[in-house]
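For reference, my_file.tsv (TSV, N, CA and C atoms):
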chain	number	residue	atom	x	y	z
A	1	MET	N	84.41	107.04	76.63
A	1	MET	CA	85.78	106.57	76.59
A	1	MET	C	85.84	105.13	77.05
A	2	ASN	N	85.06	104.78	78.10
A	2	ASN	CA	85.07	103.41	78.59
A	2	ASN	C	84.52	102.45	77.55
A	3	LEU	N	83.49	102.87	76.81
A	3	LEU	CA	82.92	102.02	75.78
A	3	LEU	C	83.94	101.73	74.69
A	4	TRP	N	84.75	102.72	74.37
A	4	TRP	CA	85.77	102.58	73.33
A	4	TRP	C	86.87	101.62	73.77
A	5	THR	N	87.23	101.66	75.06
A	5	THR	CA	88.32	100.81	75.54
A	5	THR	C	87.87	99.39	75.86
A	6	VAL	N	86.58	99.14	75.97
A	6	VAL	CA	86.10	97.82	76.33
A	6	VAL	C	86.38	96.82	75.22
A	7	TRP	N	86.15	97.18	73.96
A	7	TRP	CA	86.30	96.22	72.89
A	7	TRP	C	87.67	96.26	72.23
A	8	LEU	N	88.60	97.06	72.77
A	8	LEU	CA	89.98	97.04	72.30
A	8	LEU	C	90.82	96.15	73.20
A	9	PRO	N	91.77	95.44	72.63
A	9	PRO	CA	92.66	94.65	73.50
A	9	PRO	C	93.47	95.57	74.41
A	10	PRO	N	93.84	95.10	75.60
A	10	PRO	CA	94.57	95.94	76.55
A	10	PRO	C	95.92	96.41	76.01
A	11	GLN	N	96.56	95.63	75.15
A	11	GLN	CA	97.85	96.03	74.61
A	11	GLN	C	97.72	97.26	73.72
A	12	ILE	N	96.66	97.33	72.95
A	12	ILE	CA	96.47	98.50	72.07
A	12	ILE	C	96.16	99.72	72.92
A	13	THR	N	95.38	99.56	73.98
A	13	THR	CA	95.07	100.69	74.87
A	13	THR	C	96.33	101.21	75.52
A	14	ARG	N	97.20	100.30	75.99
A	14	ARG	CA	98.47	100.72	76.60
A	14	ARG	C	99.35	101.42	75.58
A	15	LEU	N	99.40	100.89	74.36
A	15	LEU	CA	100.22	101.50	73.30
A	15	LEU	C	99.71	102.90	72.97
A	16	PHE	N	98.40	103.06	72.91
A	16	PHE	CA	97.82	104.37	72.63
A	16	PHE	C	98.14	105.36	73.75
A	17	THR	N	98.03	104.93	75.00
A	17	THR	CA	98.34	105.79	76.14
A	17	THR	C	99.81	106.19	76.14
A	18	LEU	N	100.68	105.23	75.89
A	18	LEU	CA	102.11	105.52	75.83
A	18	LEU	C	102.43	106.49	74.70
A	19	SER	N	101.76	106.34	73.57
A	19	SER	CA	101.98	107.26	72.44
A	19	SER	C	101.57	108.68	72.82
A	20	LEU	N	100.45	108.82	73.52
A	20	LEU	CA	100.01	110.16	73.94
A	20	LEU	C	101.01	110.79	74.90
A	21	VAL	N	101.58	110.00	75.80
A	21	VAL	CA	102.57	110.52	76.75
A	21	VAL	C	103.81	110.98	76.01
A	22	VAL	N	104.28	110.19	75.05
A	22	VAL	CA	105.48	110.55	74.29
A	22	VAL	C	105.24	111.82	73.48
A	23	VAL	N	104.10	111.92	72.83
A	23	VAL	CA	103.80	113.12	72.04
A	23	VAL	C	103.74	114.35	72.94
A	24	THR	N	103.14	114.21	74.12
A	24	THR	CA	103.06	115.33	75.06
A	24	THR	C	104.45	115.77	75.50
A	25	LEU	N	105.33	114.82	75.81
A	25	LEU	CA	106.69	115.18	76.21
A	25	LEU	C	107.45	115.86	75.07
A	26	LEU	N	107.30	115.36	73.86
A	26	LEU	CA	107.99	115.97	72.72
A	26	LEU	C	107.51	117.40	72.48
A	27	ILE	N	106.22	117.62	72.61
A	27	ILE	CA	105.69	118.99	72.44
A	27	ILE	C	106.22	119.89	73.55
A	28	GLY	N	106.29	119.37	74.76
A	28	GLY	CA	106.81	120.17	75.88
A	28	GLY	C	108.27	120.54	75.67
A	29	ILE	N	109.07	119.60	75.19
A	29	ILE	CA	110.48	119.88	74.94
A	29	ILE	C	110.63	120.88	73.80
A	30	THR	N	109.81	120.74	72.78
A	30	THR	CA	109.90	121.63	71.62
A	30	THR	C	109.62	123.08	72.00
A	31	PHE	N	108.63	123.30	72.83
A	31	PHE	CA	108.24	124.66	73.18
A	31	PHE	C	108.79	125.12	74.52
A	32	SER	N	109.81	124.44	75.06
A	32	SER	CA	110.42	124.88	76.32
A	32	SER	C	111.21	126.15	76.10
A	33	PRO	N	111.36	126.96	77.14
A	33	PRO	CA	112.01	128.26	76.97
A	33	PRO	C	113.48	128.20	76.57
A	34	GLY	N	114.19	127.16	76.90
A	34	GLY	CA	115.58	127.02	76.46
A	34	GLY	C	116.53	127.91	77.21
A	35	LYS	N	117.26	128.78	76.50
A	35	LYS	CA	118.34	129.56	77.08
A	35	LYS	C	117.86	130.68	77.99
A	36	GLN	N	116.62	131.07	77.94
A	36	GLN	CA	116.14	132.15	78.80
A	36	GLN	C	116.18	131.75	80.27
A	37	MET	N	116.18	130.48	80.56
A	37	MET	CA	116.13	130.02	81.93
A	37	MET	C	117.51	129.76	82.53
A	38	GLN	N	118.59	130.02	81.79
A	38	GLN	CA	119.92	129.74	82.28
A	38	GLN	C	120.38	130.82	83.26
A	39	ALA	N	121.27	130.43	84.17
A	39	ALA	CA	121.82	131.37	85.14
A	39	ALA	C	122.82	132.29	84.45
A	40	SER	N	122.97	133.48	84.99
A	40	SER	CA	123.91	134.42	84.38
A	40	SER	C	125.24	134.37	85.12
A	41	ALA	N	126.33	134.27	84.36
A	41	ALA	CA	127.68	134.29	84.92
A	41	ALA	C	128.60	134.89	83.87
A	42	ARG	N	129.55	135.72	84.32
A	42	ARG	CA	130.50	136.35	83.40
A	42	ARG	C	131.85	135.67	83.56
A	43	SER	N	132.50	135.40	82.44
A	43	SER	CA	133.82	134.78	82.52
A	43	SER	C	134.86	135.84	82.88
A	44	LEU	N	135.81	135.46	83.75
A	44	LEU	CA	136.86	136.38	84.17
A	44	LEU	C	138.12	136.24	83.32
A	45	THR	N	138.30	135.09	82.74
A	45	THR	CA	139.49	134.85	81.92
A	45	THR	C	139.06	134.42	80.53
A	46	PRO	N	139.91	134.60	79.53
A	46	PRO	CA	139.55	134.16	78.18
A	46	PRO	C	139.35	132.65	78.10
A	47	GLU	N	140.04	131.90	78.93
A	47	GLU	CA	139.89	130.45	78.88
A	47	GLU	C	138.62	130.00	79.60
A	48	ALA	N	137.99	130.89	80.29
A	48	ALA	CA	136.75	130.63	81.02
A	48	ALA	C	136.94	129.54	82.06
A	49	ASN	N	138.05	129.63	82.80
A	49	ASN	CA	138.27	128.69	83.90
A	49	ASN	C	137.64	129.19	85.19
A	50	GLU	N	137.42	130.48	85.28
A	50	GLU	CA	136.83	131.08	86.47
A	50	GLU	C	135.63	131.92	86.05
A	51	TYR	N	134.65	131.97	86.92
A	51	TYR	CA	133.45	132.75	86.65
A	51	TYR	C	133.12	133.61	87.85
A	52	GLN	N	132.52	134.77	87.58
A	52	GLN	CA	132.04	135.64	88.64
A	52	GLN	C	130.52	135.60	88.61
A	53	VAL	N	129.95	135.14	89.69
A	53	VAL	CA	128.50	135.02	89.78
A	53	VAL	C	127.99	136.20	90.59
A	54	ASP	N	126.96	136.86	90.08
A	54	ASP	CA	126.37	137.99	90.80
A	54	ASP	C	125.68	137.47	92.06
A	55	GLU	N	126.05	138.02	93.22
A	55	GLU	CA	125.47	137.59	94.48
A	55	GLU	C	124.31	138.48	94.86
A	56	ALA	N	123.43	137.94	95.67
A	56	ALA	CA	122.30	138.71	96.15
A	56	ALA	C	122.80	139.74	97.16
A	57	PRO	N	122.22	140.90	97.19
A	57	PRO	CA	122.66	141.91	98.15
A	57	PRO	C	122.36	141.45	99.58
A	58	THR	N	123.27	141.76	100.47
A	58	THR	CA	123.07	141.40	101.88
A	58	THR	C	122.18	142.44	102.54
A	59	ILE	N	121.42	142.00	103.51
A	59	ILE	CA	120.50	142.88	104.23
A	59	ILE	C	121.08	143.16	105.60
A	60	ASP	N	121.27	144.44	105.92
A	60	ASP	CA	121.81	144.83	107.21
A	60	ASP	C	120.66	145.30	108.09
A	61	LEU	N	120.38	144.51	109.11
A	61	LEU	CA	119.29	144.86	110.02
A	61	LEU	C	119.85	145.56	111.25
A	62	ASP	N	119.35	146.72	111.52
A	62	ASP	CA	119.75	147.40	112.74
A	62	ASP	C	118.71	147.10	113.83
A	63	ASN	N	119.01	147.48	115.03
A	63	ASN	CA	118.12	147.18	116.15
A	63	ASN	C	116.76	147.84	116.00
A	64	GLU	N	116.73	149.04	115.46
A	64	GLU	CA	115.46	149.74	115.31
A	64	GLU	C	114.56	149.01	114.33
A	65	HIS	N	115.14	148.57	113.23
A	65	HIS	CA	114.35	147.85	112.22
A	65	HIS	C	113.84	146.52	112.79
A	66	ALA	N	114.69	145.80	113.51
A	66	ALA	CA	114.29	144.52	114.10
A	66	ALA	C	113.20	144.74	115.14
A	67	HIS	N	113.34	145.79	115.95
A	67	HIS	CA	112.32	146.10	116.97
A	67	HIS	C	110.98	146.44	116.30
A	68	ARG	N	111.03	147.23	115.23
A	68	ARG	CA	109.81	147.60	114.51
A	68	ARG	C	109.13	146.36	113.91
A	69	SER	N	109.93	145.45	113.37
A	69	SER	CA	109.38	144.22	112.79
A	69	SER	C	108.73	143.36	113.86
A	70	GLN	N	109.39	143.25	115.02
A	70	GLN	CA	108.81	142.48	116.11
A	70	GLN	C	107.50	143.10	116.59
A	71	GLN	N	107.47	144.41	116.67
A	71	GLN	CA	106.25	145.10	117.12
A	71	GLN	C	105.12	144.89	116.11
A	72	ASN	N	105.43	144.97	114.81
A	72	ASN	CA	104.41	144.73	113.79
A	72	ASN	C	103.89	143.30	113.87
A	73	LEU	N	104.77	142.35	114.12
A	73	LEU	CA	104.37	140.96	114.24
A	73	LEU	C	103.48	140.75	115.46
A	74	LYS	N	103.83	141.40	116.58
A	74	LYS	CA	103.02	141.29	117.79
A	74	LYS	C	101.64	141.92	117.57
A	75	ASN	N	101.59	143.07	116.90
A	75	ASN	CA	100.31	143.71	116.61
A	75	ASN	C	99.44	142.82	115.71
A	76	THR	N	100.06	142.17	114.74
A	76	THR	CA	99.31	141.28	113.85
A	76	THR	C	98.76	140.10	114.63
A	77	ALA	N	99.57	139.51	115.51
A	77	ALA	CA	99.11	138.38	116.32
A	77	ALA	C	97.96	138.80	117.23
A	78	ASP	N	98.06	139.98	117.84
A	78	ASP	CA	96.99	140.47	118.70
A	78	ASP	C	95.70	140.70	117.90
A	79	ASN	N	95.84	141.22	116.69
A	79	ASN	CA	94.69	141.47	115.83
A	79	ASN	C	94.00	140.15	115.47
A	80	ILE	N	94.78	139.14	115.13
A	80	ILE	CA	94.21	137.83	114.79
A	80	ILE	C	93.53	137.23	116.01
A	81	ARG	N	94.17	137.32	117.17
A	81	ARG	CA	93.58	136.78	118.40
A	81	ARG	C	92.23	137.46	118.68
A	82	GLU	N	92.17	138.77	118.45
A	82	GLU	CA	90.94	139.50	118.71
A	82	GLU	C	89.86	139.13	117.69
A	83	LYS	N	90.21	139.04	116.41
A	83	LYS	CA	89.22	138.74	115.36
A	83	LYS	C	88.66	137.34	115.50
A	84	LEU	N	89.49	136.37	115.92
A	84	LEU	CA	89.04	134.98	116.04
A	84	LEU	C	88.50	134.65	117.43
A	85	ASN	N	88.48	135.62	118.32
A	85	ASN	CA	87.99	135.42	119.69
A	85	ASN	C	88.71	134.27	120.38
A	86	LEU	N	90.01	134.26	120.30
A	86	LEU	CA	90.79	133.16	120.88
A	86	LEU	C	90.89	133.28	122.40
A	87	ASP	N	90.64	134.45	122.95
A	87	ASP	CA	90.72	134.63	124.40
A	87	ASP	C	89.40	134.27	125.08
A	88	GLN	N	88.34	134.07	124.32
A	88	GLN	CA	87.03	133.75	124.87
A	88	GLN	C	86.97	132.26	125.25
A	89	PRO	N	86.23	131.91	126.28
A	89	PRO	CA	86.09	130.49	126.62
A	89	PRO	C	85.22	129.78	125.56
A	90	LEU	N	85.37	128.46	125.45
A	90	LEU	CA	84.59	127.69	124.49
A	90	LEU	C	83.15	127.58	124.96
A	91	TYR	N	82.24	127.51	123.99
A	91	TYR	CA	80.84	127.28	124.32
A	91	TYR	C	80.71	125.86	124.87
A	92	PRO	N	79.75	125.64	125.78
A	92	PRO	CA	79.58	124.30	126.35
A	92	PRO	C	79.32	123.23	125.29
A	93	SER	N	78.55	123.57	124.26
A	93	SER	CA	78.26	122.58	123.22
A	93	SER	C	79.53	122.20	122.45
A	94	THR	N	80.44	123.17	122.27
A	94	THR	CA	81.71	122.89	121.60
A	94	THR	C	82.58	121.99	122.45
A	95	GLU	N	82.59	122.23	123.76
A	95	GLU	CA	83.36	121.38	124.66
A	95	GLU	C	82.81	119.96	124.66
A	96	GLU	N	81.46	119.82	124.62
A	96	GLU	CA	80.86	118.49	124.57
A	96	GLU	C	81.26	117.77	123.29
A	97	LEU	N	81.25	118.49	122.18
A	97	LEU	CA	81.64	117.90	120.90
A	97	LEU	C	83.09	117.41	120.94
A	98	ILE	N	83.98	118.23	121.48
A	98	ILE	CA	85.39	117.84	121.58
A	98	ILE	C	85.54	116.61	122.46
A	99	ASN	N	84.85	116.57	123.58
A	99	ASN	CA	84.92	115.41	124.47
A	99	ASN	C	84.37	114.15	123.79
A	100	ASP	N	83.25	114.30	123.05
A	100	ASP	CA	82.69	113.15	122.35
A	100	ASP	C	83.66	112.61	121.30
A	101	VAL	N	84.29	113.50	120.57
A	101	VAL	CA	85.25	113.07	119.55
A	101	VAL	C	86.43	112.36	120.20
A	102	GLN	N	86.91	112.88	121.32
A	102	GLN	CA	88.03	112.23	122.02
A	102	GLN	C	87.62	110.85	122.52
A	103	ASP	N	86.40	110.72	123.06
A	103	ASP	CA	85.94	109.43	123.55
A	103	ASP	C	85.80	108.43	122.40
A	104	LYS	N	85.20	108.87	121.29
A	104	LYS	CA	85.02	107.98	120.15
A	104	LYS	C	86.37	107.57	119.56
A	105	THR	N	87.32	108.49	119.56
A	105	THR	CA	88.65	108.15	119.05
A	105	THR	C	89.30	107.10	119.93
A	106	GLY	N	89.18	107.26	121.24
A	106	GLY	CA	89.72	106.28	122.17
A	106	GLY	C	89.08	104.91	121.99
A	107	GLU	N	87.75	104.88	121.82
A	107	GLU	CA	87.06	103.61	121.60
A	107	GLU	C	87.49	102.97	120.29
A	108	THR	N	87.67	103.77	119.26
A	108	THR	CA	88.09	103.25	117.96
A	108	THR	C	89.49	102.65	118.05
A	109	ILE	N	90.38	103.33	118.74
A	109	ILE	CA	91.74	102.82	118.88
A	109	ILE	C	91.75	101.52	119.67
A	110	GLU	N	90.97	101.46	120.76
A	110	GLU	CA	90.90	100.24	121.55
A	110	GLU	C	90.32	99.09	120.73
A	111	GLY	N	89.29	99.36	119.94
A	111	GLY	CA	88.70	98.31	119.10
A	111	GLY	C	89.68	97.81	118.05
A	112	THR	N	90.43	98.73	117.48
A	112	THR	CA	91.43	98.35	116.48
A	112	THR	C	92.53	97.52	117.12
A	113	GLN	N	92.97	97.90	118.30
A	113	GLN	CA	93.99	97.12	118.99
A	113	GLN	C	93.50	95.72	119.31
A	114	ARG	N	92.23	95.61	119.77
A	114	ARG	CA	91.67	94.28	120.04
A	114	ARG	C	91.60	93.44	118.78
A	115	ALA	N	91.21	94.06	117.66
A	115	ALA	CA	91.12	93.32	116.40
A	115	ALA	C	92.50	92.85	115.96
A	116	LEU	N	93.51	93.69	116.13
A	116	LEU	CA	94.87	93.28	115.76
A	116	LEU	C	95.37	92.16	116.66
A	117	GLU	N	95.06	92.23	117.95
A	117	GLU	CA	95.48	91.18	118.86
A	117	GLU	C	94.78	89.87	118.51
A	118	ASN	N	93.48	89.92	118.18
A	118	ASN	CA	92.75	88.71	117.78
A	118	ASN	C	93.31	88.14	116.49
A	119	ALA	N	93.66	89.01	115.54
A	119	ALA	CA	94.22	88.54	114.28
A	119	ALA	C	95.59	87.89	114.52
A	120	ALA	N	96.39	88.47	115.41
A	120	ALA	CA	97.69	87.91	115.71
A	120	ALA	C	97.55	86.57	116.40
A	121	ASP	N	96.56	86.45	117.32
A	121	ASP	CA	96.31	85.19	117.98
A	121	ASP	C	95.84	84.13	117.00
A	122	THR	N	95.03	84.52	116.04
A	122	THR	CA	94.54	83.59	115.03
A	122	THR	C	95.69	83.10	114.15
A	123	VAL	N	96.58	83.98	113.77
A	123	VAL	CA	97.70	83.62	112.90
A	123	VAL	C	98.68	82.71	113.65
A	124	THR	N	98.95	83.02	114.91
A	124	THR	CA	99.90	82.21	115.66
A	124	THR	C	99.26	80.93	116.19
A	125	GLY	N	97.94	80.83	116.18
A	125	GLY	CA	97.24	79.62	116.59
A	125	GLY	C	97.03	79.53	118.08
A	126	ASN	N	97.09	80.64	118.80
A	126	ASN	CA	96.86	80.63	120.25
A	126	ASN	C	95.41	80.73	120.58
Translate this structure into structure tokens?
Amino acid sequence: MNLWTVWLPPQITRLFTLSLVVVTLLIGITFSPGKQMQASARSLTPEANEYQVDEAPTIDLDNEHAHRSQQNLKNTADNIREKLNLDQPLYPSTEELINDVQDKTGETIEGTQRALENAADTVTGN
């Protein structure tokens, strides 16, 4: 593809790309679902000034259902904590890695700040 575009002028390449985009959009519009995606509403009057829209059913939660959901959520959290060993202490090598990353991040930030200060001093002529 690169070999083909090298010896064509850039205007022709842009025109070809634009043509492909237009053809793709036209094909998409042609085969779009159309009326199947429209919302459903029934007219209440012959003049169709008012509409009745079907509402989603409301959910009535009682205390027992809410308590059961909370208990299931707590059991799931406990299961995840147990499977991932989140209550176990970190291995020493992992702690060293975390400390090294924190130190390197601090050094990087300090170096970047110094570079920005030097650039600002250079621009202002100080």
Inset, instruction - Kindly give the distance, in Å, that separates atom CA of Asn72 of chain A and atom CA of Leu90 of chain A, rounded to a single decimal. - result: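 These two atoms are separated by 28.2 Å.
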Legend entry - Interatomic distance (Å, one decimal) between atom C of Leu18 of chain A and atom CA of Thr30 of chain A: 17.2 Å
Inset, instruction - Would you work out the distance separating atom C of Arg114 of chain A from atom C of Asn99 of chain A, expressed in Å to one decimal? - result: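 That distance, rounded to one decimal, is 22.5 Å.
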Enclose segment 82-86 of chain A, meaning all of its atoms listed in the file, in a box aligned along x, y and z, pad it by 3 Å on each side, and list the centre and edge lengths in Å to one decimal, as lines of an AutoDock Vina configuration file.
center_x = 90.1
center_y = 136.3
center_z = 118.9
size_x = 10.2
size_y = 12.3
size_z = 13.0
